[in-house]
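**Student:** To be precise about what I am sending: the file is called upload_29.txt and holds compact mmCIF, C-alpha atoms and all ligand atoms.
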```
# COMPACT_ATOMS: atom_id res chain seq x y z
CA MET A 1 120.16 75.49 25.35
CA THR A 2 116.75 75.93 27.07
CA LYS A 3 113.87 76.23 24.65
CA ILE A 4 111.12 78.58 25.79
CA THR A 5 107.93 79.67 24.05
CA LEU A 6 107.78 83.43 23.53
CA ILE A 7 104.34 84.91 22.90
CA LYS A 8 104.77 88.46 21.66
CA GLY A 9 101.16 89.64 22.02
CA ASP A 10 99.98 92.98 20.65
CA GLY A 11 99.69 96.64 21.68
CA ILE A 12 102.81 97.32 23.77
CA GLY A 13 103.50 93.57 23.79
CA PRO A 14 106.14 93.50 21.02
CA GLU A 15 108.03 96.54 22.44
CA ILE A 16 108.35 95.17 25.96
CA THR A 17 109.11 91.68 24.67
CA ASP A 18 111.99 92.95 22.53
CA ALA A 19 113.33 94.93 25.48
CA VAL A 20 113.27 91.90 27.79
CA VAL A 21 114.81 89.54 25.22
CA LYS A 22 117.67 92.03 24.70
CA ILE A 23 118.29 92.30 28.46
CA ILE A 24 118.31 88.50 28.90
CA GLU A 25 120.75 88.20 26.00
CA ALA A 26 122.98 90.90 27.50
CA ALA A 27 123.08 88.90 30.75
CA GLY A 28 124.57 86.03 28.76
CA VAL A 29 121.65 83.63 29.13
CA LYS A 30 121.28 81.44 26.07
CA ILE A 31 117.64 80.74 25.30
CA ASP A 32 116.29 79.20 22.13
CA TRP A 33 113.06 81.25 21.84
CA ASP A 34 110.18 79.50 20.10
CA VAL A 35 108.41 82.66 18.95
CA GLN A 36 104.62 82.39 18.64
CA THR A 37 102.03 84.98 17.72
CA ALA A 38 98.51 85.14 19.15
CA GLY A 39 95.67 87.63 19.42
CA ALA A 40 93.69 89.92 17.15
CA ASP A 41 96.26 90.05 14.33
CA VAL A 42 96.30 86.27 14.05
CA ILE A 43 92.51 85.97 13.64
CA GLU A 44 92.63 87.34 10.09
CA LYS A 45 95.22 84.80 8.93
CA GLU A 46 94.36 81.75 10.99
CA GLY A 47 90.71 82.24 11.95
CA VAL A 48 91.26 82.03 15.72
CA PRO A 49 93.21 84.20 18.19
CA LEU A 50 94.88 81.23 19.91
CA PRO A 51 95.87 78.69 17.24
CA ASP A 52 96.71 75.12 18.32
CA ARG A 53 100.38 75.72 17.37
CA VAL A 54 100.72 78.11 20.35
CA LEU A 55 99.34 75.56 22.81
CA GLU A 56 101.46 72.81 21.23
CA SER A 57 104.55 74.98 21.57
CA VAL A 58 103.95 75.55 25.31
CA LYS A 59 103.19 71.85 25.78
CA ARG A 60 106.47 70.99 24.05
CA ASN A 61 108.64 73.50 25.89
CA LYS A 62 106.73 73.45 29.22
CA ILE A 63 107.56 77.11 29.86
CA ALA A 64 106.47 80.32 28.16
CA LEU A 65 107.09 84.03 28.51
CA LYS A 66 104.05 85.94 27.36
CA SER A 67 103.31 89.59 26.75
CA PRO A 68 99.76 90.98 26.81
CA VAL A 69 97.11 90.23 24.22
CA THR A 70 94.09 92.46 23.55
CA THR A 71 90.65 91.00 24.28
CA PRO A 72 87.75 92.68 22.48
CA ILE A 73 85.16 93.87 25.03
CA GLY A 74 81.61 92.51 24.88
CA LYS A 75 81.88 90.56 21.64
CA GLY A 76 83.95 88.19 19.53
CA PHE A 77 86.39 85.52 20.64
CA ARG A 78 87.05 84.33 24.15
CA SER A 79 90.11 85.91 25.79
CA VAL A 80 93.39 84.31 24.68
CA ASN A 81 94.61 84.63 28.26
CA VAL A 82 91.65 82.87 29.82
CA GLN A 83 91.78 80.15 27.14
CA LEU A 84 95.51 79.58 27.57
CA ARG A 85 95.17 79.27 31.34
CA LYS A 86 92.25 76.88 30.97
CA GLU A 87 93.68 74.68 28.19
CA LEU A 88 97.03 74.26 29.96
CA ASP A 89 95.39 73.97 33.39
CA LEU A 90 97.55 76.81 34.73
CA TYR A 91 95.53 76.84 37.91
CA ALA A 92 97.61 79.20 40.03
CA ASN A 93 98.03 82.86 39.20
CA LEU A 94 100.86 84.17 41.33
CA ARG A 95 101.35 87.91 41.65
CA PRO A 96 103.96 89.10 44.15
CA CYS A 97 103.70 92.85 44.85
CA TYR A 98 106.46 94.72 46.64
CA ASN A 99 107.98 98.18 46.61
CA LEU A 100 110.80 98.90 44.19
CA PRO A 101 113.52 101.49 44.84
CA GLY A 102 113.03 104.89 43.22
CA VAL A 103 109.29 104.34 42.72
CA LYS A 104 107.32 106.72 44.91
CA THR A 105 104.22 105.20 46.51
CA ARG A 106 101.78 106.09 49.29
CA TYR A 107 102.97 103.26 51.52
CA GLU A 108 106.38 101.76 52.15
CA ASN A 109 107.31 98.13 52.86
CA ILE A 110 104.45 96.64 50.86
CA ASP A 111 105.08 92.94 50.44
CA ILE A 112 101.91 91.15 49.41
CA VAL A 113 101.57 87.98 47.36
CA VAL A 114 98.29 87.52 45.51
CA VAL A 115 97.38 83.89 44.81
CA ARG A 116 94.44 83.80 42.42
CA GLU A 117 92.53 80.71 41.28
CA ASN A 118 92.91 80.77 37.53
CA THR A 119 90.55 78.27 35.89
CA GLU A 120 86.96 78.77 37.04
CA ASP A 121 84.59 81.22 38.79
CA LEU A 122 82.85 83.67 36.41
CA TYR A 123 85.79 83.21 34.00
CA ALA A 124 84.41 79.80 33.03
CA GLY A 125 82.67 81.85 30.31
CA ILE A 126 79.29 80.16 30.71
CA GLU A 127 76.95 82.97 29.75
CA ARG A 128 73.66 83.17 27.92
CA GLN A 129 71.18 85.72 26.77
CA VAL A 130 67.99 84.61 28.51
CA ASP A 131 65.89 87.09 26.57
CA GLU A 132 66.37 90.52 25.06
CA ASN A 133 66.52 92.15 28.50
CA THR A 134 68.26 89.52 30.58
CA ALA A 135 71.68 87.93 30.46
CA GLU A 136 73.09 85.39 32.87
CA SER A 137 76.59 84.29 33.75
CA ILE A 138 77.33 81.20 35.79
CA LYS A 139 79.89 81.21 38.56
CA ILE A 140 81.57 77.82 38.90
CA ILE A 141 83.46 76.94 42.06
CA THR A 142 84.56 73.33 42.63
CA ARG A 143 86.02 71.61 45.66
CA SER A 144 88.98 70.22 43.73
CA ALA A 145 90.05 73.55 42.18
CA SER A 146 89.50 75.44 45.45
CA THR A 147 91.50 72.91 47.46
CA ARG A 148 94.43 72.81 45.06
CA ILE A 149 94.75 76.61 44.95
CA ALA A 150 94.56 76.76 48.75
CA GLU A 151 97.29 74.12 48.94
CA PHE A 152 99.35 76.13 46.45
CA ALA A 153 99.04 79.24 48.66
CA PHE A 154 100.03 77.40 51.84
CA ASP A 155 102.89 75.52 50.13
CA TYR A 156 104.14 78.85 48.76
CA ALA A 157 103.97 80.29 52.29
CA VAL A 158 106.06 77.43 53.67
CA LYS A 159 108.66 77.51 50.88
CA ASN A 160 109.04 81.29 51.00
CA ASN A 161 109.01 81.83 54.77
CA ARG A 162 105.74 83.72 54.75
CA LYS A 163 103.64 83.92 57.89
CA GLU A 164 100.01 84.17 56.94
CA VAL A 165 97.42 83.26 54.32
CA CYS A 166 94.25 85.35 54.22
CA VAL A 167 91.35 83.97 52.18
CA VAL A 168 89.19 86.59 50.47
CA THR A 169 85.58 85.84 49.53
CA LYS A 170 82.03 87.18 49.51
CA ALA A 171 80.74 84.09 51.29
CA ASN A 172 78.14 86.12 53.18
CA ILE A 173 76.29 86.67 49.87
CA CYS A 174 77.50 83.89 47.53
CA LYS A 175 76.91 81.36 50.28
CA LEU A 176 77.28 78.23 48.18
CA SER A 177 80.02 79.15 45.69
CA ASP A 178 82.26 81.42 47.78
CA GLY A 179 81.15 79.38 50.78
CA LEU A 180 82.74 76.30 49.20
CA PHE A 181 85.96 78.20 48.37
CA LEU A 182 86.13 79.35 52.01
CA GLU A 183 85.41 75.88 53.36
CA CYS A 184 88.25 74.40 51.25
CA ALA A 185 90.65 77.09 52.48
CA ARG A 186 89.66 76.39 56.11
CA GLU A 187 90.16 72.64 55.64
CA THR A 188 93.55 73.17 53.98
CA ALA A 189 94.67 75.61 56.70
CA LYS A 190 94.33 72.83 59.29
CA LYS A 191 97.14 70.94 57.54
CA TYR A 192 99.54 73.89 57.92
CA PRO A 193 99.56 74.71 61.65
CA ASP A 194 102.69 76.88 61.32
CA ILE A 195 101.06 79.31 58.89
CA SER A 196 98.47 81.60 60.38
CA PHE A 197 95.10 81.77 58.63
CA LYS A 198 92.72 84.69 58.30
CA GLU A 199 89.42 85.31 56.51
CA ILE A 200 88.13 88.58 55.09
CA LEU A 201 85.24 89.68 52.87
CA VAL A 202 86.37 91.13 49.55
CA ASP A 203 84.80 94.57 50.02
CA ASN A 204 86.46 95.03 53.40
CA CYS A 205 89.72 93.67 51.94
CA CYS A 206 89.70 96.40 49.26
CA MET A 207 89.15 99.09 51.89
CA GLN A 208 91.86 97.65 54.16
CA LEU A 209 94.29 97.47 51.22
CA VAL A 210 93.83 101.18 50.62
CA GLN A 211 94.04 102.15 54.31
CA ASN A 212 96.45 99.68 55.89
CA PRO A 213 98.05 97.41 53.28
CA ASN A 214 101.01 96.37 55.45
CA GLN A 215 98.77 94.04 57.45
CA PHE A 216 98.57 91.58 54.52
CA ASP A 217 100.98 88.80 53.61
CA ILE A 218 99.49 86.23 51.19
CA LEU A 219 95.99 86.80 49.79
CA LEU A 220 94.12 83.76 48.46
CA LEU A 221 91.22 84.54 46.14
CA PRO A 222 88.83 83.07 43.58
CA ASN A 223 89.41 84.19 39.98
CA LEU A 224 87.38 87.42 39.68
CA TYR A 225 88.26 88.95 43.05
CA GLY A 226 91.88 87.93 42.41
CA ASP A 227 91.88 89.82 39.13
CA ILE A 228 90.53 93.00 40.69
CA VAL A 229 92.44 92.87 43.98
CA SER A 230 95.76 92.26 42.22
CA ASP A 231 95.28 95.52 40.30
CA ILE A 232 94.76 97.33 43.63
CA CYS A 233 98.00 95.75 44.84
CA ALA A 234 99.71 96.85 41.61
CA GLY A 235 98.48 100.39 42.32
CA LEU A 236 99.98 100.22 45.80
CA ILE A 237 103.48 99.59 44.48
CA GLY A 238 103.43 102.15 41.68
CA GLY A 239 101.16 100.81 38.96
CA LEU A 240 100.70 98.16 36.33
CA GLY A 241 103.99 98.92 34.62
CA ILE A 242 105.88 97.17 37.41
CA ALA A 243 103.48 94.38 38.45
CA GLN A 244 104.78 90.91 37.62
CA GLY A 245 102.87 87.65 37.32
CA ALA A 246 103.03 83.94 36.63
CA ASN A 247 100.50 81.27 35.73
CA ILE A 248 101.55 77.95 37.14
CA GLY A 249 100.13 74.48 36.65
CA LYS A 250 101.24 70.94 37.34
CA ASP A 251 102.95 70.53 33.96
CA TYR A 252 103.43 74.03 32.52
CA ALA A 253 104.19 77.60 33.55
CA VAL A 254 103.49 80.83 31.67
CA PHE A 255 105.13 84.00 32.98
CA GLU A 256 103.48 87.31 32.09
CA PRO A 257 102.99 90.82 33.46
CA VAL A 258 99.71 91.70 35.19
CA HIS A 259 98.96 94.54 32.79
CA GLY A 260 97.20 94.49 29.43
CA SER A 261 98.23 95.63 25.97
CA ALA A 262 97.95 99.36 26.85
CA PRO A 263 96.67 100.46 23.42
CA ASP A 264 96.80 104.12 24.55
CA ILE A 265 100.62 104.10 24.50
CA ALA A 266 101.37 101.31 22.02
CA GLY A 267 104.05 101.94 19.40
CA GLN A 268 105.30 105.14 21.09
CA ASP A 269 108.36 103.74 22.92
CA LYS A 270 106.72 104.80 26.21
CA ALA A 271 105.89 101.44 27.77
CA ASN A 272 107.53 100.34 30.97
CA PRO A 273 109.13 96.91 30.42
CA THR A 274 109.66 96.36 34.19
CA ALA A 275 106.60 94.15 34.79
CA MET A 276 107.55 91.95 31.86
CA LEU A 277 111.20 91.90 33.00
CA MET A 278 110.28 90.97 36.59
CA SER A 279 108.09 88.16 35.22
CA ALA A 280 111.05 87.00 33.10
CA ILE A 281 113.34 87.13 36.14
CA GLU A 282 110.96 84.78 37.95
CA MET A 283 110.96 82.58 34.84
CA LEU A 284 114.78 82.42 34.95
CA ASN A 285 114.65 81.47 38.63
CA PHE A 286 112.13 78.78 37.72
CA THR A 287 114.45 77.35 35.05
CA GLY A 288 117.44 77.32 37.40
CA GLU A 289 119.17 80.41 35.96
CA ASN A 290 119.26 81.96 39.43
CA LYS A 291 122.59 83.75 39.02
CA ALA A 292 121.58 85.51 35.81
CA ALA A 293 118.19 86.29 37.35
CA SER A 294 119.75 88.10 40.28
CA ARG A 295 122.25 89.96 38.05
CA ILE A 296 119.37 91.24 35.92
CA LYS A 297 117.35 92.15 38.99
CA ASN A 298 120.26 94.09 40.47
CA ALA A 299 120.76 95.97 37.21
CA LEU A 300 117.04 96.79 37.12
CA LEU A 301 116.94 97.97 40.75
CA LYS A 302 120.08 100.08 40.30
CA THR A 303 118.64 101.73 37.21
CA LEU A 304 115.45 102.62 39.09
CA GLU A 305 117.44 103.81 42.10
CA GLU A 306 119.36 106.20 39.85
CA GLY A 307 116.04 107.73 38.80
CA ILE A 308 116.09 106.35 35.26
CA LYS A 309 112.47 105.36 34.79
CA THR A 310 109.56 105.54 32.38
CA ALA A 311 106.75 108.10 32.56
CA ASP A 312 104.17 105.82 34.22
CA ILE A 313 106.29 105.79 37.40
CA GLY A 314 107.28 109.44 37.29
CA GLY A 315 110.34 109.40 35.04
CA SER A 316 111.12 110.67 31.55
CA ALA A 317 112.99 107.74 29.98
CA SER A 318 111.62 106.00 26.93
CA CYS A 319 111.26 102.22 26.90
CA SER A 320 114.48 101.90 24.87
CA GLU A 321 116.47 104.37 27.04
CA PHE A 322 115.43 102.49 30.16
CA THR A 323 116.29 99.14 28.54
CA ASN A 324 119.72 100.40 27.43
CA ALA A 325 120.44 101.73 30.93
CA ILE A 326 119.77 98.25 32.38
CA ILE A 327 121.94 96.62 29.70
CA ALA A 328 124.78 99.06 30.45
CA LYS A 329 124.79 97.80 34.04
CA LEU A 330 125.12 94.21 32.96
P1 LIG A 401 96.05 97.93 30.50
O1 LIG A 401 96.75 97.21 31.59
O2 LIG A 401 96.45 97.60 29.13
O3 LIG A 401 96.23 99.50 30.69
C1 LIG A 401 95.74 100.22 31.82
C2 LIG A 401 96.54 101.51 31.99
O4 LIG A 401 97.87 101.19 32.46
C3 LIG A 401 96.74 102.27 30.69
O5 LIG A 401 96.70 103.63 30.96
C4 LIG A 401 98.13 101.88 30.23
O6 LIG A 401 98.79 102.83 29.44
C5 LIG A 401 98.85 101.65 31.56
N1 LIG A 401 99.88 100.62 31.42
C6 LIG A 401 99.68 99.28 31.40
N2 LIG A 401 100.86 98.65 31.24
C7 LIG A 401 101.80 99.59 31.16
C8 LIG A 401 103.22 99.55 30.98
N3 LIG A 401 103.90 98.40 30.86
N4 LIG A 401 103.88 100.73 30.92
C9 LIG A 401 103.25 101.89 31.07
N5 LIG A 401 101.91 102.00 31.24
C10 LIG A 401 101.19 100.86 31.28
O7 LIG A 401 94.50 97.68 30.72
P2 LIG A 401 93.26 97.94 29.74
O8 LIG A 401 93.44 99.22 29.02
O9 LIG A 401 92.09 97.73 30.58
O10 LIG A 401 93.32 96.76 28.70
C11 LIG A 401 93.83 96.83 27.37
C12 LIG A 401 93.70 95.46 26.71
O11 LIG A 401 94.57 94.52 27.35
C13 LIG A 401 92.30 94.85 26.80
O12 LIG A 401 92.00 94.29 25.55
C14 LIG A 401 92.41 93.77 27.86
O13 LIG A 401 91.51 92.72 27.66
C15 LIG A 401 93.85 93.32 27.64
N6 LIG A 401 94.44 92.68 28.81
C16 LIG A 401 95.29 91.64 28.58
C17 LIG A 401 95.92 91.04 29.62
C18 LIG A 401 96.87 89.92 29.30
O14 LIG A 401 97.20 89.70 28.15
N7 LIG A 401 97.34 89.19 30.29
C19 LIG A 401 95.72 91.45 31.01
C20 LIG A 401 94.85 92.60 31.15
C21 LIG A 401 94.23 93.18 30.08
```
Translate this structure into structure tokens?

**Tutor:**
Amino acid sequence: MTKITLIKGDGIGPEITDAVVKIIEAAGVKIDWDVQTAGADVIEKEGVPLPDRVLESVKRNKIALKSPVTTPIGKGFRSVNVQLRKELDLYANLRPCYNLPGVKTRYENIDIVVVRENTEDLYAGIERQVDENTAESIKIITRSASTRIAEFAFDYAVKNNRKEVCVVTKANICKLSDGLFLECARETAKKYPDISFKEILVDNCCMQLVQNPNQFDILLLPNLYGDIVSDICAGLIGGLGIAQGANIGKDYAVFEPVHGSAPDIAGQDKANPTAMLMSAIEMLNFTGENKAASRIKNALLKTLEEGIKTADIGGSASCSEFTNAIIAKL
């Protein structure tokens, strides 16, 4: 039986995790879940939001399914998510965004893959208060990290029959840091003559995404722009409730939805488990459970097609009604 670390998170995390575990069970996949807690609730008992036992569990099992964890704004501990990605060197954040049936959106046929560098940039967390009125934050961009994420994007393009990689930077202003990221993407592109290569500035990219998103295939971005642009892409396909994600490194992979812990709807049985389920489907594909993955995906798509959906995407089903409808189709 495959052993997989399961990080339940907080806010809507436990609700969507339970829903997804039930669906996977109903599909007949046997997983020995190594359940781990992390986040604000753990601080009181263990002193830190990401105890070593969580990292050790992922290192042991190599794969984790993770639901969102709240990060306090402006004070306190470093984000569990950022720390996990850094400690496990999960350098590639992969966020495929495409339309789902039954989910009304402004544009049709969206099919964009966001590849976000996951370990450096302003997320390196190197900040200091210079004096009472000045704070500074250091943006780190290295040749090695920029090259390996560019290679990841091009390799993904080759493996998945995609046509183009578009690198997104602000290299006209951040000439050295974004300039280096761009240079590494250009160098890498030369090794993949069959994949077309484009460059765009991040501000223009945001405008183009809103006006003409169908022009994009794979977007390759440094950490911060990747974070922001992937939320725009999530908006294009119907919102955060359906946006899947994965953090992939050389040795480990952590699958998680793009969205956060949604404290505004936590504990009300309103959360949409789709993003978490789609992330889990990719996890099953990753572990070789391709048949079960496509059965679950078909059940999910059929449920949406029938108009059974949660409120965030225009429906009236609760999280548990939606989950049960998917299970009924399995
Ligand atoms: P959020 O993604 O939690 O929520 C933004 C909006 O989307 C809210 O209105 C929420 O109700 C809605 N939403 C999100 N997921 C949904 C779902 N599955 N079903 C239905 N509606 C959904 O973003 P916010 O409010 O900025 O962040 C809340 C907390 O989550 C923060 O502490 C943040 O740091 C953390 N966070 C954690 C992430 C992770 O663990 N990977 C990622 C992003 C944020």

**Student:** Counting all atoms listed in the file, which of A:Ile242, A:Ala64, A:Val210, A:Ile281 gets nearest to ligand LIG 401 (chain A)?

**Tutor:**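 Ranking A:Ile242, A:Ala64, A:Val210, A:Ile281 by distance to ligand LIG 401 (chain A), first place goes to A:Ile242.
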
**Student:** Enumerate residues in contact with ligand LIG 401 (chain A): an atom-to-atom distance of at most 7 Å, counting only C-alpha atoms and all ligand atoms. Format the result as a ChimeraX atom specification.

**Tutor:** /A:67-73,81,240-242,256-265,270-275,312

**Student:** Dump C-alpha atoms for the selected residues as a CSV table (one decimal), in the coordinates of the input?

**Tutor:**
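Once everything was written out, this is part.csv:
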```csv
chain,number,residue,atom,x,y,z
A,67,SER,CA,103.3,89.6,26.8
A,68,PRO,CA,99.8,91.0,26.8
A,69,VAL,CA,97.1,90.2,24.2
A,70,THR,CA,94.1,92.5,23.6
A,71,THR,CA,90.6,91.0,24.3
A,72,PRO,CA,87.8,92.7,22.5
A,73,ILE,CA,85.2,93.9,25.0
A,81,ASN,CA,94.6,84.6,28.3
A,240,LEU,CA,100.7,98.2,36.3
A,241,GLY,CA,104.0,98.9,34.6
A,242,ILE,CA,105.9,97.2,37.4
A,256,GLU,CA,103.5,87.3,32.1
A,257,PRO,CA,103.0,90.8,33.5
A,258,VAL,CA,99.7,91.7,35.2
A,259,HIS,CA,99.0,94.5,32.8
A,260,GLY,CA,97.2,94.5,29.4
A,261,SER,CA,98.2,95.6,26.0
A,262,ALA,CA,98.0,99.4,26.8
A,263,PRO,CA,96.7,100.5,23.4
A,264,ASP,CA,96.8,104.1,24.6
A,265,ILE,CA,100.6,104.1,24.5
A,270,LYS,CA,106.7,104.8,26.2
A,271,ALA,CA,105.9,101.4,27.8
A,272,ASN,CA,107.5,100.3,31.0
A,273,PRO,CA,109.1,96.9,30.4
A,274,THR,CA,109.7,96.4,34.2
A,275,ALA,CA,106.6,94.2,34.8
A,312,ASP,CA,104.2,105.8,34.2
```

**Student:** Could you work out how far CA of Lys159 (chain A) lies from CA of Asp194 (chain A), giving the answer in Å with one decimal?

**Tutor:** 12.0 Å

**Student:** Measure the distance from CA of Ser320 (chain A) to CA of Val35 (chain A) in Å and round it to one decimal.

**Tutor:**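 Atom-to-atom, CA of Ser320 (chain A) and CA of Val35 (chain A) are spaced 21.0 Å apart.
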
**Student:** Of the candidates A:Leu304, A:Val167, A:Ile43, A:Ala243, which one gets nearest to Ser196 (chain A) if we count only C-alpha atoms?

**Tutor:**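 The closest residue to Ser196 (chain A) is A:Val167.
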
**Student:** Rank nothing, just name the residue among A:Thr2, A:Gln244, A:Asn298, A:Ser230 nearest to Val114 (chain A), using all atoms listed in the file.

**Tutor:**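 The closest residue to Val114 (chain A) is A:Ser230.
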
**Student:** Tell me, in Å to one decimal, how far CA of Cys184 (chain A) is from CA of Cys166 (chain A).

**Tutor:**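 Distance between the two atoms: 12.8 Å.
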
**Student:** Determine the nearest neighbour of Leu284 (chain A) from the options A:Val254, A:Asp155, A:Ala328, A:Leu224, counting all atoms listed in the file.

**Tutor:**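 When distances to Leu284 (chain A) are compared using all atoms listed in the file, the smallest one comes from A:Val254.
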
**Student:** Could you please fill out region 150-165 of chain A with N, CA, C and O atoms and send it back as a PDB file, keeping the file's coordinate frame?

**Tutor:**
```
ATOM      1  N   ALA A 150      94.259  76.501  47.336  1.00  0.00           N
ATOM      2  CA  ALA A 150      94.560  76.760  48.750  1.00  0.00           C
ATOM      3  C   ALA A 150      95.870  76.065  49.118  1.00  0.00           C
ATOM      4  O   ALA A 150      96.742  76.657  49.773  1.00  0.00           O
ATOM      5  N   GLU A 151      96.032  74.835  48.650  1.00  0.00           N
ATOM      6  CA  GLU A 151      97.290  74.120  48.940  1.00  0.00           C
ATOM      7  C   GLU A 151      98.477  74.847  48.328  1.00  0.00           C
ATOM      8  O   GLU A 151      99.542  74.957  48.925  1.00  0.00           O
ATOM      9  N   PHE A 152      98.281  75.373  47.110  1.00  0.00           N
ATOM     10  CA  PHE A 152      99.350  76.130  46.450  1.00  0.00           C
ATOM     11  C   PHE A 152      99.760  77.321  47.330  1.00  0.00           C
ATOM     12  O   PHE A 152     100.945  77.582  47.539  1.00  0.00           O
ATOM     13  N   ALA A 153      98.757  78.044  47.842  1.00  0.00           N
ATOM     14  CA  ALA A 153      99.040  79.240  48.660  1.00  0.00           C
ATOM     15  C   ALA A 153      99.801  78.865  49.933  1.00  0.00           C
ATOM     16  O   ALA A 153     100.790  79.521  50.296  1.00  0.00           O
ATOM     17  N   PHE A 154      99.355  77.803  50.594  1.00  0.00           N
ATOM     18  CA  PHE A 154     100.030  77.400  51.840  1.00  0.00           C
ATOM     19  C   PHE A 154     101.434  76.835  51.555  1.00  0.00           C
ATOM     20  O   PHE A 154     102.372  77.118  52.301  1.00  0.00           O
ATOM     21  N   ASP A 155     101.566  76.040  50.490  1.00  0.00           N
ATOM     22  CA  ASP A 155     102.890  75.520  50.130  1.00  0.00           C
ATOM     23  C   ASP A 155     103.843  76.683  49.822  1.00  0.00           C
ATOM     24  O   ASP A 155     105.008  76.680  50.215  1.00  0.00           O
ATOM     25  N   TYR A 156     103.325  77.677  49.095  1.00  0.00           N
ATOM     26  CA  TYR A 156     104.140  78.850  48.760  1.00  0.00           C
ATOM     27  C   TYR A 156     104.584  79.547  50.053  1.00  0.00           C
ATOM     28  O   TYR A 156     105.741  79.961  50.192  1.00  0.00           O
ATOM     29  N   ALA A 157     103.656  79.644  51.002  1.00  0.00           N
ATOM     30  CA  ALA A 157     103.970  80.290  52.290  1.00  0.00           C
ATOM     31  C   ALA A 157     105.109  79.544  52.980  1.00  0.00           C
ATOM     32  O   ALA A 157     106.067  80.166  53.454  1.00  0.00           O
ATOM     33  N   VAL A 158     105.026  78.224  52.995  1.00  0.00           N
ATOM     34  CA  VAL A 158     106.060  77.430  53.670  1.00  0.00           C
ATOM     35  C   VAL A 158     107.403  77.609  52.967  1.00  0.00           C
ATOM     36  O   VAL A 158     108.420  77.904  53.600  1.00  0.00           O
ATOM     37  N   LYS A 159     107.392  77.458  51.635  1.00  0.00           N
ATOM     38  CA  LYS A 159     108.660  77.510  50.880  1.00  0.00           C
ATOM     39  C   LYS A 159     109.302  78.883  50.944  1.00  0.00           C
ATOM     40  O   LYS A 159     110.504  79.031  50.799  1.00  0.00           O
ATOM     41  N   ASN A 160     108.506  79.925  51.086  1.00  0.00           N
ATOM     42  CA  ASN A 160     109.040  81.290  51.000  1.00  0.00           C
ATOM     43  C   ASN A 160     109.041  82.023  52.342  1.00  0.00           C
ATOM     44  O   ASN A 160     109.111  83.251  52.372  1.00  0.00           O
ATOM     45  N   ASN A 161     108.953  81.239  53.423  1.00  0.00           N
ATOM     46  CA  ASN A 161     109.010  81.830  54.770  1.00  0.00           C
ATOM     47  C   ASN A 161     107.987  82.933  55.001  1.00  0.00           C
ATOM     48  O   ASN A 161     108.301  83.963  55.597  1.00  0.00           O
ATOM     49  N   ARG A 162     106.793  82.732  54.502  1.00  0.00           N
ATOM     50  CA  ARG A 162     105.740  83.720  54.750  1.00  0.00           C
ATOM     51  C   ARG A 162     104.960  83.275  55.978  1.00  0.00           C
ATOM     52  O   ARG A 162     104.990  82.097  56.353  1.00  0.00           O
ATOM     53  N   LYS A 163     104.243  84.235  56.586  1.00  0.00           N
ATOM     54  CA  LYS A 163     103.640  83.920  57.890  1.00  0.00           C
ATOM     55  C   LYS A 163     102.150  83.607  57.834  1.00  0.00           C
ATOM     56  O   LYS A 163     101.638  82.847  58.634  1.00  0.00           O
ATOM     57  N   GLU A 164     101.474  84.234  56.855  1.00  0.00           N
ATOM     58  CA  GLU A 164     100.010  84.170  56.940  1.00  0.00           C
ATOM     59  C   GLU A 164      99.356  84.038  55.561  1.00  0.00           C
ATOM     60  O   GLU A 164      99.828  84.618  54.583  1.00  0.00           O
ATOM     61  N   VAL A 165      98.266  83.289  55.515  1.00  0.00           N
ATOM     62  CA  VAL A 165      97.420  83.260  54.320  1.00  0.00           C
ATOM     63  C   VAL A 165      96.058  83.806  54.723  1.00  0.00           C
ATOM     64  O   VAL A 165      95.480  83.392  55.725  1.00  0.00           O
TER      65      VAL A 165
END
```
